[in-house]
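Report on the structure given below.
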Amino acid sequence: MTFPDFDSSTTTTDDGSVEPADRHAPLRIAVIAHLRHPIAMPFMGGMEAHCHQLVTALVARGHDVTLFASGDSDPALPLHPIAERHYEAALPWAQWHGTPQLTAFQDAAFGRAWEAIGAGAYDIVHNNTMHPTLHVLAKRDRTAMVTSLHVPPFAGLANAVADTSADWLRQTVTSHAHLATWWTTPPATVSVVHNGIDTARWRFRAVGDGRAIWAGRITPNKGTAVALEAAILAGVELDVVGPIDCMDYFTDRVAPLLDHARVYRGHLGGDALVEAIGTASVLLSTPMWDEPFGLIAAEALACGVPVAALDRGAMREVVGDCGALATDAASLAQAIDRAAAIPRAACRDRVTRLFSLKAMAEGYERAYAAAIAGARASSCASTTEVLA
């Protein structure tokens, strides 16, 4: 592994967009994506959107980036396929998680990624998966690696992070709320890096159309039905947008609440999704679990759309004074009017200040520099031990 000089200083832009920064040398970065879904629009969820934006932002800042992901990911990205297709296409997680077949699929694919990384003289690995084995490999090979912890701790991943502690292995979480779910006292190797929003893509709209919108995967832990119940109570028109991730939930809980005023618009992506969210007057966000960030809420704010949300996970941290929080469908119905009254320019300003791609990239660059320094120190210490 090489240990380049690294300077994370950057120039400031008015809108928070990404621009190349002066540094002694760009980094050669390997980004490893999870394999459940392709890294391509229309994104199935926040992890896919985050990975796409991460790679795009790092390339824009002058780094040499390779994305290790499924072969059906966006060909416009600097893609190195490690599986022909994403595994949900052949081994759906709902039926196959925890099975030897799915474990073998991922072990083989990530093994191919690690072999290519070892031969590629990368400066840093950005682990954007939830696969425990990568931590073991990085510690064994003294490979500088930054892992984005996208979800609250589960046994396999949490144990791997704890068991493979090393100065060249860094972790990032997406919010201070998320940080508290992992550690009572966070170690020095962890930092908070908020997700970044492409403010050029999620463009500002000065006026909404009077309708509310809900967007995300239609599944129980996203609370689609709660949003519909709140809209009915408030007498508000609502567009529901997103892929049906759980058909039983859609059939039993969501579809009965749809009517002429509250309409399912299907799975939108690209400009169609930006248009649908940007023209709304308020976004309803209804996490039924402690979501670590809530990317769709920040994307809506970037468009100037205020948020009425259930107060779970990092939602309070994301929306701040640009949203109204609630605890259930009844209080969410009351929160809709309060949120809709928030000035749209203030929503845009919050994202520009706190959640720009530039801020996200700078946060990761600081983590990269720390991991590289840890690997350098470890290498020097090992050399000293051998010579002694």
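Here, A, B, ... name the chains of the structure tokens in the order displayed, residue numbers run from 1 inside each chain, and ligands are numbered from 1 in the same displayed order.
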
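Around Trp214 in chain A, within 9 Å and counting only C-alpha atoms, the residues found are A:Thr224, A:Ala227, A:Leu228, A:Leu238, A:Asp239, A:Val240, A:Val241, A:Gly242, A:Ile277, A:Val282, A:Leu283, A:Leu284, A:Ser285, A:Thr286, once anything fewer than 6 positions away on its own chain is removed.
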
How close does range 134-241 of chain A get to range 99-123 of chain A? List, as JSON lines, each residue of range 134-241 of chain A within 12 Å, its nearest atom pair and the distance in Å to one decimal, counting only C-alpha atoms.
```
{"residue": "A:Leu134", "atom": "CA", "partner": "A:Phe110", "partner_atom": "CA", "distance": 7.6}
{"residue": "A:His135", "atom": "CA", "partner": "A:Trp114", "partner_atom": "CA", "distance": 11.1}
{"residue": "A:Val136", "atom": "CA", "partner": "A:Trp114", "partner_atom": "CA", "distance": 11.4}
{"residue": "A:Leu137", "atom": "CA", "partner": "A:Trp114", "partner_atom": "CA", "distance": 8.0}
{"residue": "A:Ala138", "atom": "CA", "partner": "A:Trp114", "partner_atom": "CA", "distance": 9.0}
{"residue": "A:Arg140", "atom": "CA", "partner": "A:Trp114", "partner_atom": "CA", "distance": 11.9}
{"residue": "A:Asp141", "atom": "CA", "partner": "A:Gly118", "partner_atom": "CA", "distance": 9.0}
{"residue": "A:Arg142", "atom": "CA", "partner": "A:Gly118", "partner_atom": "CA", "distance": 11.0}
{"residue": "A:Thr143", "atom": "CA", "partner": "A:Asp123", "partner_atom": "CA", "distance": 8.5}
{"residue": "A:Ala144", "atom": "CA", "partner": "A:Asp123", "partner_atom": "CA", "distance": 7.3}
{"residue": "A:Met145", "atom": "CA", "partner": "A:Asp123", "partner_atom": "CA", "distance": 9.0}
{"residue": "A:Val146", "atom": "CA", "partner": "A:Asp123", "partner_atom": "CA", "distance": 11.3}
{"residue": "A:Trp168", "atom": "CA", "partner": "A:Asp123", "partner_atom": "CA", "distance": 11.5}
```

Could you write those residues out with C-alpha atoms, as a PDB file, in the first residue's frame?
```pdb
ATOM      1  CA  LEU A 134     -14.168  -7.328   4.901  1.00  0.00           C
ATOM      2  CA  HIS A 135     -13.122  -6.153   8.370  1.00  0.00           C
ATOM      3  CA  VAL A 136     -11.200  -9.369   8.959  1.00  0.00           C
ATOM      4  CA  LEU A 137      -9.448  -9.091   5.589  1.00  0.00           C
ATOM      5  CA  ALA A 138      -8.508  -5.437   6.115  1.00  0.00           C
ATOM      6  CA  ARG A 140      -5.142  -9.180   8.302  1.00  0.00           C
ATOM      7  CA  ASP A 141      -3.627  -7.292   5.381  1.00  0.00           C
ATOM      8  CA  ARG A 142      -3.136  -3.978   7.244  1.00  0.00           C
ATOM      9  CA  THR A 143      -5.233  -2.268   4.576  1.00  0.00           C
ATOM     10  CA  ALA A 144      -6.442   1.244   5.348  1.00  0.00           C
ATOM     11  CA  MET A 145     -10.237   1.097   5.256  1.00  0.00           C
ATOM     12  CA  VAL A 146     -13.145   3.346   6.147  1.00  0.00           C
ATOM     13  CA  TRP A 168      -6.029   1.898  10.082  1.00  0.00           C
TER      14      TRP A 168
END
```

Can you pull out every residue within 9 Å of Ala330 in chain A, counting only C-alpha atoms, but drop anything in the same chain fewer than 3 positions away, and send it as an MDAnalysis selection string? chainID A and resid 229:230 233:234 326:327 333:335

Which is closer to Gly320 in chain A than all the others in A:Arg28, A:His34, A:Arg350, A:Arg344, using only C-alpha atoms?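 When distances to Gly320 in chain A are compared using only C-alpha atoms, the smallest one comes from A:Arg350.
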
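From CA of Met288 in chain A back to CA of Lys222 in chain A, the distance works out to 5.8 Å.
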
As a VMD selection string, please: the residues near Glu88 in chain A (cut-off 12 Å, only C-alpha atoms, same-chain neighbours under 6 positions excluded). chain A and resid 34 to 38 44 70 72 94 to 97 102 105 to 106 245

Which one is closest to Ala361 in chain A: A:Ala89, A:Val193, A:Met247, A:Ala162? Count only C-alpha atoms.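 With only C-alpha atoms as the atom set, the closest residue is A:Val193.
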
What does the distance from CA of Thr172 in chain A to CA of Ser148 in chain A come to in Å, to one decimal?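 Taking CA of Thr172 in chain A and CA of Ser148 in chain A, their separation equals 4.9 Å.
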
Any idea what the distance is between CA of Val226 in chain A and CA of Leu301 in chain A?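 Taking CA of Val226 in chain A as the start and CA of Leu301 in chain A as the end point, the length is 20.9 Å.
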
For range 173-186 of chain A, work out the shell of residues within 12 Å, counting only C-alpha atoms and skipping chain neighbours fewer than 2 positions away, then give it as a PyMOL selection string. chain A and resi 46-47+50+128+146-155+157-159+161-162+170-171+188-196+289-295+311-318+354-355+360+363-364+367

Tell me which protein, DNA and RNA residues are within 8 Å of Ala33 in chain A, counting only C-alpha atoms, leaving out same-chain ones fewer than 3 positions away, and put them as number ranges by chain. A: 39, 51, 67-69, 127-129

Residue with smallest distance to Leu77 in chain A - pool A:Ala40, A:Val305, A:Leu332, A:Ala324, counting only C-alpha atoms: A:Ala40

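Nearest residue to Gly45 in chain A among A:Ala377, A:Ile296, A:Ala309, A:Ile213 is A:Ile296, counting only C-alpha atoms.
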
Could you pull out the residues in range 6-204 of chain A that DSSP calls strand (DSSP E) from the backbone, as a PyMOL selection string? chain A and resi 28-33+64-70+79-83+124-128+145-148+169-173+190-192

Can you tell me, as a PyMOL selection string, what residues are no more than 9 Å from Val351 in chain A when counting only C-alpha atoms, ignoring any on the same chain fewer than 2 positions away? chain A and resi 16+196-197+199+298-299+301-302+318+346-349+353-356

Nearest to Arg217 in chain A, restricted to only C-alpha atoms and choosing among A:Ala160, A:Pro42, A:Asp252, A:Ala341, comes out as A:Pro42

Determine which residues of range 45-268 of chain A DSSP labels as helix (DSSP H, G or I) from the backbone of this structure, then write them out as a VMD selection string. chain A and resid 46 to 60 87 to 89 93 to 96 100 to 119 133 to 141 155 to 163 176 to 182 220 to 222 224 to 234 247 to 257

Any chance you could export the current selection's C-alpha atoms as a CSV table (one decimal), in the first residue's frame?
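And here is the file that came out, result.csv:
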```csv
chain,number,residue,atom,x,y,z
A,46,GLY,CA,-30.9,5.3,0.6
A,47,MET,CA,-27.8,3.0,0.6
A,48,GLU,CA,-27.8,2.8,-3.2
A,49,ALA,CA,-28.4,6.6,-3.6
A,50,HIS,CA,-25.6,7.3,-1.0
A,51,CYS,CA,-23.1,5.0,-2.8
A,52,HIS,CA,-23.8,6.6,-6.2
A,53,GLN,CA,-23.4,10.1,-4.8
A,54,LEU,CA,-20.3,9.1,-2.9
A,55,VAL,CA,-18.5,7.9,-6.0
A,56,THR,CA,-19.7,10.8,-8.1
A,57,ALA,CA,-18.5,13.3,-5.5
A,58,LEU,CA,-15.1,11.7,-5.0
A,59,VAL,CA,-14.5,11.6,-8.8
A,60,ALA,CA,-15.5,15.3,-9.0
A,87,TYR,CA,-28.4,-10.9,-5.5
A,88,GLU,CA,-32.0,-9.8,-5.0
A,89,ALA,CA,-32.7,-10.9,-8.6
A,93,TRP,CA,-33.2,-11.4,0.9
A,94,ALA,CA,-36.6,-12.1,2.4
A,95,GLN,CA,-36.3,-15.8,1.5
A,96,TRP,CA,-32.5,-16.4,1.6
A,100,PRO,CA,-25.4,-20.8,3.1
A,101,GLN,CA,-26.3,-20.0,-0.5
A,102,LEU,CA,-26.5,-16.2,0.0
A,103,THR,CA,-23.5,-16.2,2.3
A,104,ALA,CA,-21.5,-18.0,-0.4
A,105,PHE,CA,-22.6,-15.6,-3.1
A,106,GLN,CA,-21.4,-12.6,-1.1
A,107,ASP,CA,-18.2,-14.3,0.1
A,108,ALA,CA,-17.3,-15.1,-3.4
A,109,ALA,CA,-18.1,-11.6,-4.8
A,110,PHE,CA,-16.3,-9.7,-2.0
A,111,GLY,CA,-13.4,-12.1,-2.3
A,112,ARG,CA,-13.1,-11.1,-5.9
A,113,ALA,CA,-13.2,-7.5,-4.9
A,114,TRP,CA,-10.5,-7.9,-2.3
A,115,GLU,CA,-8.2,-9.8,-4.7
A,116,ALA,CA,-8.5,-6.9,-7.3
A,117,ILE,CA,-8.0,-4.4,-4.5
A,118,GLY,CA,-4.8,-6.2,-3.4
A,119,ALA,CA,-3.5,-6.0,-7.0
A,133,THR,CA,-15.6,-10.5,6.4
A,134,LEU,CA,-14.2,-7.3,4.9
A,135,HIS,CA,-13.1,-6.2,8.4
A,136,VAL,CA,-11.2,-9.4,9.0
A,137,LEU,CA,-9.4,-9.1,5.6
A,138,ALA,CA,-8.5,-5.4,6.1
A,139,LYS,CA,-7.0,-6.1,9.5
A,140,ARG,CA,-5.1,-9.2,8.3
A,141,ASP,CA,-3.6,-7.3,5.4
A,155,ALA,CA,-24.5,-9.2,15.8
A,156,GLY,CA,-22.3,-10.1,12.8
A,157,LEU,CA,-21.3,-6.6,11.8
A,158,ALA,CA,-21.0,-5.2,15.3
A,159,ASN,CA,-18.8,-8.1,16.4
A,160,ALA,CA,-16.6,-7.7,13.4
A,161,VAL,CA,-16.1,-4.0,14.1
A,162,ALA,CA,-15.3,-4.7,17.7
A,163,ASP,CA,-13.0,-7.7,17.0
A,176,HIS,CA,-25.1,11.7,16.2
A,177,ALA,CA,-28.3,9.8,16.9
A,178,HIS,CA,-26.9,6.8,15.0
A,179,LEU,CA,-23.6,7.1,16.9
A,180,ALA,CA,-25.4,6.6,20.2
A,181,THR,CA,-26.9,3.3,19.1
A,182,TRP,CA,-23.4,1.8,18.4
A,220,PRO,CA,-43.8,-1.9,7.3
A,221,ASN,CA,-40.7,-0.3,8.8
A,222,LYS,CA,-41.2,2.7,6.5
A,224,THR,CA,-46.5,4.1,4.5
A,225,ALA,CA,-49.9,3.4,6.0
A,226,VAL,CA,-49.3,5.8,8.9
A,227,ALA,CA,-48.7,8.6,6.3
A,228,LEU,CA,-51.9,7.7,4.6
A,229,GLU,CA,-53.8,7.7,7.9
A,230,ALA,CA,-52.4,11.1,8.8
A,231,ALA,CA,-53.3,12.5,5.4
A,232,ILE,CA,-56.9,11.3,5.7
A,233,LEU,CA,-57.2,12.8,9.1
A,234,ALA,CA,-55.8,16.1,7.9
A,247,MET,CA,-46.7,-6.9,-1.3
A,248,ASP,CA,-48.7,-8.2,1.7
A,249,TYR,CA,-48.2,-4.9,3.5
A,250,PHE,CA,-49.3,-3.0,0.4
A,251,THR,CA,-52.3,-5.2,-0.1
A,252,ASP,CA,-53.5,-5.3,3.5
A,253,ARG,CA,-52.5,-1.9,4.9
A,254,VAL,CA,-51.7,0.5,2.1
A,255,ALA,CA,-54.1,-0.2,-0.7
A,256,PRO,CA,-57.3,0.1,1.4
A,257,LEU,CA,-56.3,3.7,2.3
```
